[in-house]
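Okay, structure first, notes after.
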Amino acid sequence: MSKDTGGSGSGAARPEWPLYEVFVRGKRGLNHVHVGSLHAPDDTMALHNARNLYTRRNEGVSIWVVRAEHIAASSPDEKDPFFAPSGDKVYRHPTFYPIPEDVPHI
Amino acid sequence: MTTQTAQAPPGADLDLQAEFDAKVAADQRVEPRDWMPEGYRKTLVRQVSQHAHSEIIGMQPEGDWIASAPSLRRKAILLAKVQDEAGHGLYLYAAAETLGVDRADLTQRLIEGRQKYSSIFNYPSLTFADVGVIGWLVDGAAICNQVPLCRSSFGPYARAMVRICKEESFHQRQGYELLMRMMEGTEDQRRMVQDSVDRWWWPSLMMFGPPDAESPNTQQSMAWRIKRDTNDDLRQKFVDMTVPQAEKLGVTLPDPELAWNGERGHYDFGEPDWTEFKQVISGAGPKNAERVERRRAAHEKGAWVREAATAYADKHSAKEAAA
Amino acid sequence: MSGDHIYSALSEEHGGDTRWAFGTGFTDALAGVDTTLPEGVDGQDLALYCQMLGDDALVQAQRLIHWVTDAPELEEEVALANIALDLLGQARLLLARAGQADGTGRDEDDFAYRRGPAEFRNVRLTEMPRGDFARAVVTLLVLSSARLAVFTRLADSRDPVLAAIAAKAVNELAYHREYALSWTLRLGDGTPYSHERTAVAVADVWPLTGELFATHPVEARVADQGVGVDPAATREEVHAVLTQVLTTARLDAPAPFPEAAVAGREGRHTAELAPLLDELQKVAREHPEATW
């Protein structure tokens with residue numbers, strides 16, 4: 001990747017900004033939730049971009065950004081074929097616990 | 001994060017295909033790390049990236065009026081709206097990237113004219129009334145198209161659509177509200193609105209794509225649940241929704257065949273000019289070249305800025321590592 | 001497709017705000033604020049002062065708008081649009097206050113659309129053509145630093161309206177400065193080419209900075225009355241901020257701000273302002289009887 005083309009303006013050199021995943025705390029008392037991703041040259045600019053992109057209708061939220069390549073992921077819920085399905089461990093799933101319909105906010 | 005789909009050992013394809021089919025049939029979401037048929041992935045890359053490009057190119061017809069908006073309130077609304085479109089484009093590029101393509105590549109395809117976007121944005125916006133009509137008709141049609149896609153079988157796309165639809169309901173309302181104000185204004189303003197409706201009505205109908213009989217991929221896309229309704233169904237829905245709004249507004253939709261059909265319970269309407277549609281979508285629209293050129297110029301003119309930021313990041317991460 | 005109305009799918013499946021990372025509500029900065037003029041405050045002076053601060057924001061926003069669809073990256077278009085929206089919001093509140101203070105009852109649009117260049121009170125730096133991205137960043141750095149210094153003091157204004165406007169604006173301006181600062185570092189300390197462009201931008205902008213700290217008689221009077229701020233009082237503070245940012249960005253320490261006479265604040269502008277206002281006012285002027 002060419003870092004310094006002397007501003008030739010050529011579209012050929014495309015040093016791409018890395019991908020970041022963005023997590024936002026919508027209100028106090030809630031967890032950070034993954035809201036999407038974006039590109040930025042570094043952590044500081046990723047936070048700027050996340051603020052402008054994912055919280056542009058409100059203030060006062062907390063944002064985490066992390067380079068996508070730094071996220072280690074397992075995907076049992078996505079039934080990755082290389083893993084034994086976790087569907088047999090039904091107690092892990094909230095639907096295992098029947099809740100009467102008139103109980104609010106569960 | 002790994003964005004590739006899991007590689008299956010030979011012979012496992014059938015099981016995987018069956019599992020994928022069952023998941024889609026049960027209206028569950030397919031996530032990026034799941035196995036998916038190559039055709040599904042390719043079709044989605046095309047669908048999502050064209051949608052992203054449409055948001056980005058779609059900033060221009062209205063963006064041209066931000067600087068001249070006739071009140072500060074309209075100026076702020078329009079700026080916020082065009083900014084939303086940039087945001088929507090970014091959400092969608094992010095969704096496309098989970099399919100293993102990268103945004104720089106998609107941008108390159110757009111500015112080299114190798115990938116399409118919604119043909120509607122190749123028409124010029126000639127008066128400020130177009131800002132209102134684009135909001136009302138073009139965003140109205142977009143919403144008809146997009147709301148069902150909140151249930152797309154592909155998780156990242158469905159989630160992006162939920163966010164986008166929620167934001168876009170404001171877009172359509174601001175357009176209609178502007179037109180109501182203009183219709184209450186001077187004779188001149190009412191003429192501007194009618195003229196704008198005359199120009200945008202047919203292109204809006206074309207936003208739903210060719211008639212079902214000429215849309216060969218529809219069946220497959222519907223089976224995959226990445227398209228939830230046919231072009232003609234959505235077009236009908238849009239017409240049914242829009243006609244009463246036009247009456248309320250006091251404008252005439254430029255279609256002599258438009259009439260309520262009590263038997264069908266729907267409005268009958270005329271056939272758009274599909275020859276024009278094909279010309280515009282294949283790049284011969286009044287504004288194709290200009291729209292793409294503007295994006296290309298911005299991208300190339302900004303190359304040194306992107307490079308500078310990368311160089312700075314490299315220097316400073318090297319410093320941190322050494323410290 | 002389910003439901004009669006196209007929005008029904010949204011409200012059924014996606015109702016409830018908790019799943020949204022952001023709200024859709026906007027707060028009114030002036031809710032509950034007393035708009036009567038405080039005692040001993042000259043309404044005409046206050047109105048002119050509000051126009052000065054309002055016009056700075058309006059003209060700067062008008063320049064920034066053109067970056068939308070023309071920035072180096074989409075993320076920057078979103079960011080610059082945010083900044084322009086903040087400034088536009090400040091301009092609207094300030095111009096509306098001007099119409100209250102001078103007793104004419106003019107609204108924000110009367111000021112924005114029905115004044116000529118000689119009646120605009122913005123400093124000249126805001127009306128300069130936008131130039132390249134380095135120029136935009138350096139201009140934003142200077143203007144946001146100076147405006148932040150003034151508005152921080154203005155939050156204690158005896159005019160409750162100005163104080164409320166300033167209190168809201170301070171957070172916005174602190175962000176604008178932070179954004180401009182981040183980019184100044186990256187361009188100044190990026191590639192040799194970006195360094196050069198940034199140095200040129202500083203050199204181009206610097207001669208126009210003096211005016212930011214020249215005190216107009218109206219500014220002196222409103223400062224005396226405890227409703228406004230004498231910009232000269234912020235001179236050293238702003239210079240220290242800019243020196244720190246520019247040297248961290250590996251650019252030369254800047255010269256002192258030049259001594260300058262009041263110009264834009266009394267309606268004396270460069271040739272750049274008239275075409276800017278032509279574009280801003282075009283549609284409104286073509287349809288003088290219209291409602292939007």
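Please note that chains go A, B, ... in the order of the structure tokens, that every chain numbers its residues from 1, and that ligands are numbered from 1 in the order shown.
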
task: List the neighbours of range 41-49 of chain C out to 8 Å using only C-alpha atoms; skip same-chain residues closer than 4 positions along the sequence, and give me the result as number ranges by chain.
output: C: 37, 53, 97-103, 218-219, 221-222, 225, 227-228

Store the residues of this selection in a file with C-alpha atoms, as a compact mmCIF listing (two decimals), in the first residue's frame.
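As a result, result_32.txt now contains:
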# COMPACT_ATOMS: atom_id res chain seq x y z
CA LEU C 37 -34.71 42.58 27.64
CA LEU C 53 -22.53 36.35 15.95
CA ARG C 97 -33.11 37.28 19.03
CA ALA C 98 -31.92 40.26 16.96
CA GLY C 99 -35.48 40.79 15.72
CA GLN C 100 -36.82 40.69 19.27
CA ALA C 101 -34.16 42.99 20.65
CA ASP C 102 -34.49 45.80 18.11
CA GLY C 103 -38.26 45.84 18.40
CA VAL C 218 -21.08 47.70 19.69
CA GLU C 219 -19.05 44.82 21.07
CA ARG C 221 -20.73 48.49 24.72
CA VAL C 222 -22.46 45.12 25.10
CA GLN C 225 -23.40 46.07 29.82
CA VAL C 227 -24.46 40.97 27.88
CA GLY C 228 -21.67 40.51 25.33

message: Among range 9-183 of chain C, which ones does DSSP assign to helix (DSSP H, G or I) (computed from the backbone)? Answer as a ChimeraX atom specification.
response: /C:9-14,17-19,43-67,74-101,108-113,117-119,124-127,133-154,160-183

Determine, for each residue of chain B having at least one atom at most 8 Å from an atom of chain A, the closest pair of atoms and their separation in Å to one decimal, counting only C-alpha atoms; order by chain and ascending number, as a Markdown table.
| residue | atom | partner | partner_atom | distance |
| --- | --- | --- | --- | --- |
| B:Met1 | CA | A:Ala68 | CA | 4.8 |
| B:Thr2 | CA | A:Glu69 | CA | 7.5 |
| B:Ala6 | CA | A:Asp80 | CA | 7.3 |
| B:Ala8 | CA | A:Pro81 | CA | 7.8 |
| B:Leu16 | CA | A:Pro81 | CA | 7.7 |
| B:Val30 | CA | A:Glu78 | CA | 8.0 |
| B:Glu31 | CA | A:Glu78 | CA | 6.7 |
| B:Arg33 | CA | A:Asp80 | CA | 7.0 |
| B:Asp34 | CA | A:Asp80 | CA | 5.9 |
| B:Trp35 | CA | A:Asp80 | CA | 7.5 |
| B:Gly87 | CA | A:Leu53 | CA | 6.0 |
| B:Leu90 | CA | A:Leu38 | CA | 7.3 |
| B:Tyr91 | CA | A:Gly36 | CA | 6.9 |
| B:Ala94 | CA | A:Ser37 | CA | 5.7 |
| B:Ala95 | CA | A:Gly36 | CA | 8.0 |
| B:Ala104 | CA | A:Glu16 | CA | 6.7 |
| B:His299 | CA | A:Gly11 | CA | 7.5 |
| B:Glu300 | CA | A:Gly11 | CA | 5.3 |
| B:Lys301 | CA | A:Gly9 | CA | 5.8 |
| B:Gly302 | CA | A:Gly9 | CA | 7.5 |
| B:Ala303 | CA | A:Gly9 | CA | 5.7 |
| B:Trp304 | CA | A:Gly7 | CA | 4.7 |
| B:Arg306 | CA | A:Pro15 | CA | 7.2 |
| B:Glu307 | CA | A:Lys3 | CA | 5.9 |
| B:Ala308 | CA | A:Lys3 | CA | 7.7 |
| B:Ala309 | CA | A:Pro41 | CA | 5.7 |
| B:Thr310 | CA | A:Pro41 | CA | 5.4 |
| B:Ala311 | CA | A:Lys3 | CA | 5.8 |
| B:Ala313 | CA | A:Asp42 | CA | 5.7 |

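CA of Met183 in chain B is found 23.7 Å from CA of Ala112 in chain C.
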
task: Find the residues around range 251-262 of chain B up to 10 Å (only C-alpha atoms counted), leave out those fewer than 2 positions away in its own chain, and share them as a VMD selection string.
output: chain B and resid 179 183 190 to 191 193 to 195 197 to 202 239 to 240 242 to 243 245 to 249 264 to 272

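Near chain B, within 6 Å and counting only C-alpha atoms, the residues of chain C are C:Asp70, C:Ala71, C:Pro72, C:Val78, C:Asp109, C:Arg186, C:Leu187, C:Gly190, C:Thr191, C:Glu279, C:Leu280, C:Val283, C:Ala284, C:Ala290, C:Thr291, C:Trp292.
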
Deliver the residues from the most recent selection as a file, using C-alpha atoms, as a short mmCIF file (atom, residue, chain, number, x, y, z; two decimals), in the first residue's frame.
data_model
loop_
_atom_site.label_atom_id
_atom_site.label_comp_id
_atom_site.auth_asym_id
_atom_site.auth_seq_id
_atom_site.Cartn_x
_atom_site.Cartn_y
_atom_site.Cartn_z
CA ASP C 70 -17.60 16.81 -2.30
CA ALA C 71 -15.51 15.63 0.68
CA PRO C 72 -12.58 13.18 0.68
CA VAL C 78 -21.55 13.50 7.45
CA ASP C 109 -35.51 34.78 7.47
CA ARG C 186 -3.37 14.20 10.60
CA LEU C 187 -2.76 16.56 7.72
CA GLY C 190 0.66 12.98 7.61
CA THR C 191 2.51 12.90 4.30
CA GLU C 279 -26.83 31.88 -3.96
CA LEU C 280 -28.27 31.89 -0.45
CA VAL C 283 -35.02 31.38 -4.50
CA ALA C 284 -36.41 33.54 -1.71
CA ALA C 290 -44.22 32.95 -1.36
CA THR C 291 -44.53 30.86 1.79
CA TRP C 292 -42.26 27.89 2.38
#

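Between CA of Ser152 in chain B and CA of Gly100 in chain B there is a distance of 18.3 Å.
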
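One finds CA of Leu125 in chain C at 18.7 Å from CA of Glu236 in chain C.
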
- prompt: Which residues come within 7 Å of range 144-157 of chain C, counting only C-alpha atoms, excluding same-chain residues fewer than 5 positions away, as a PyMOL selection string?
  reply: chain C and resi 162-164+166-167+170+173-174+176-177+226-229+231+234+238

Report as a JSON list (two decimals) with N, CA, C and O atoms, in the first residue's frame all protein, DNA and RNA residues lying within 10 Å of range 276-278 of chain B, evaluated on only C-alpha atoms, omitting residues in the same chain fewer than 4 positions from it.
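Dumped to selection34.json:
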[["chain", "number", "residue", "atom", "x", "y", "z"],
["B", 119, "SER", "N", -32.36, 4.59, -11.13],
["B", 119, "SER", "CA", -32.38, 5.47, -12.31],
["B", 119, "SER", "C", -33.03, 6.82, -12.02],
["B", 119, "SER", "O", -32.79, 7.79, -12.73],
["B", 120, "ILE", "N", -33.82, 6.89, -10.97],
["B", 120, "ILE", "CA", -34.55, 8.13, -10.68],
["B", 120, "ILE", "C", -33.60, 9.31, -10.50],
["B", 120, "ILE", "O", -33.94, 10.45, -10.82],
["B", 202, "TRP", "N", -43.86, 9.68, -13.44],
["B", 202, "TRP", "CA", -43.53, 8.44, -14.16],
["B", 202, "TRP", "C", -42.19, 7.85, -13.72],
["B", 202, "TRP", "O", -42.11, 6.64, -13.48],
["B", 203, "PRO", "N", -41.16, 8.69, -13.57],
["B", 203, "PRO", "CA", -39.91, 8.11, -13.03],
["B", 203, "PRO", "C", -40.11, 7.44, -11.67],
["B", 203, "PRO", "O", -39.47, 6.42, -11.38],
["B", 206, "MET", "N", -41.33, 4.03, -12.15],
["B", 206, "MET", "CA", -40.28, 3.15, -12.68],
["B", 206, "MET", "C", -39.32, 2.69, -11.60],
["B", 206, "MET", "O", -38.55, 1.75, -11.81],
["B", 207, "MET", "N", -39.35, 3.35, -10.45],
["B", 207, "MET", "CA", -38.44, 2.95, -9.37],
["B", 207, "MET", "C", -38.67, 1.52, -8.90],
["B", 207, "MET", "O", -37.81, 0.93, -8.25],
["B", 209, "GLY", "N", -38.93, -0.97, -10.75],
["B", 209, "GLY", "CA", -38.34, -1.92, -11.68],
["B", 209, "GLY", "C", -39.31, -2.35, -12.76],
["B", 209, "GLY", "O", -40.47, -1.95, -12.75],
["B", 210, "PRO", "N", -38.82, -3.17, -13.72],
["B", 210, "PRO", "CA", -39.64, -3.58, -14.85],
["B", 210, "PRO", "C", -40.85, -4.41, -14.41],
["B", 210, "PRO", "O", -40.88, -4.90, -13.28],
["B", 272, "PRO", "N", -45.84, 2.92, -17.65],
["B", 272, "PRO", "CA", -44.69, 3.82, -17.84],
["B", 272, "PRO", "C", -43.97, 3.54, -19.15],
["B", 272, "PRO", "O", -44.12, 2.46, -19.72],
["B", 282, "SER", "N", -29.43, 2.41, -18.41],
["B", 282, "SER", "CA", -28.18, 1.99, -19.05],
["B", 282, "SER", "C", -27.26, 3.18, -19.26],
["B", 282, "SER", "O", -26.28, 3.10, -19.98],
["B", 283, "GLY", "N", -27.57, 4.30, -18.64],
["B", 283, "GLY", "CA", -26.59, 5.39, -18.61],
["B", 283, "GLY", "C", -26.88, 6.57, -19.50],
["B", 283, "GLY", "O", -26.10, 7.50, -19.57],
["B", 284, "ALA", "N", -28.03, 6.56, -20.22],
["B", 284, "ALA", "CA", -28.31, 7.65, -21.14],
["B", 284, "ALA", "C", -29.27, 8.68, -20.55],
["B", 284, "ALA", "O", -29.81, 9.50, -21.27],
["B", 285, "GLY", "N", -29.46, 8.64, -19.24],
["B", 285, "GLY", "CA", -30.35, 9.61, -18.61],
["B", 285, "GLY", "C", -29.75, 11.00, -18.67],
["B", 285, "GLY", "O", -28.56, 11.16, -18.90]]

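Between Thr107 in chain B and the candidates B:Asp232, B:Asp212, B:Ala52, B:Met222, the tightest atom-to-atom separation, counting only C-alpha atoms, involves B:Ala52.
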
- prompt: Got a sec: who's within 8 Å of Pro254 in chain C, counting only C-alpha atoms, leaving out chain neighbours fewer than 4 positions off, as a PyMOL selection string?
  reply: chain C and resi 242-243+246

message: Applying 8 Å and only C-alpha atoms, which residues near Asp130 in chain B remain after dropping the ones on its own chain fewer than 4 positions away? List them as a PyMOL selection string.
response: chain B and resi 62+125-126+134+193+196
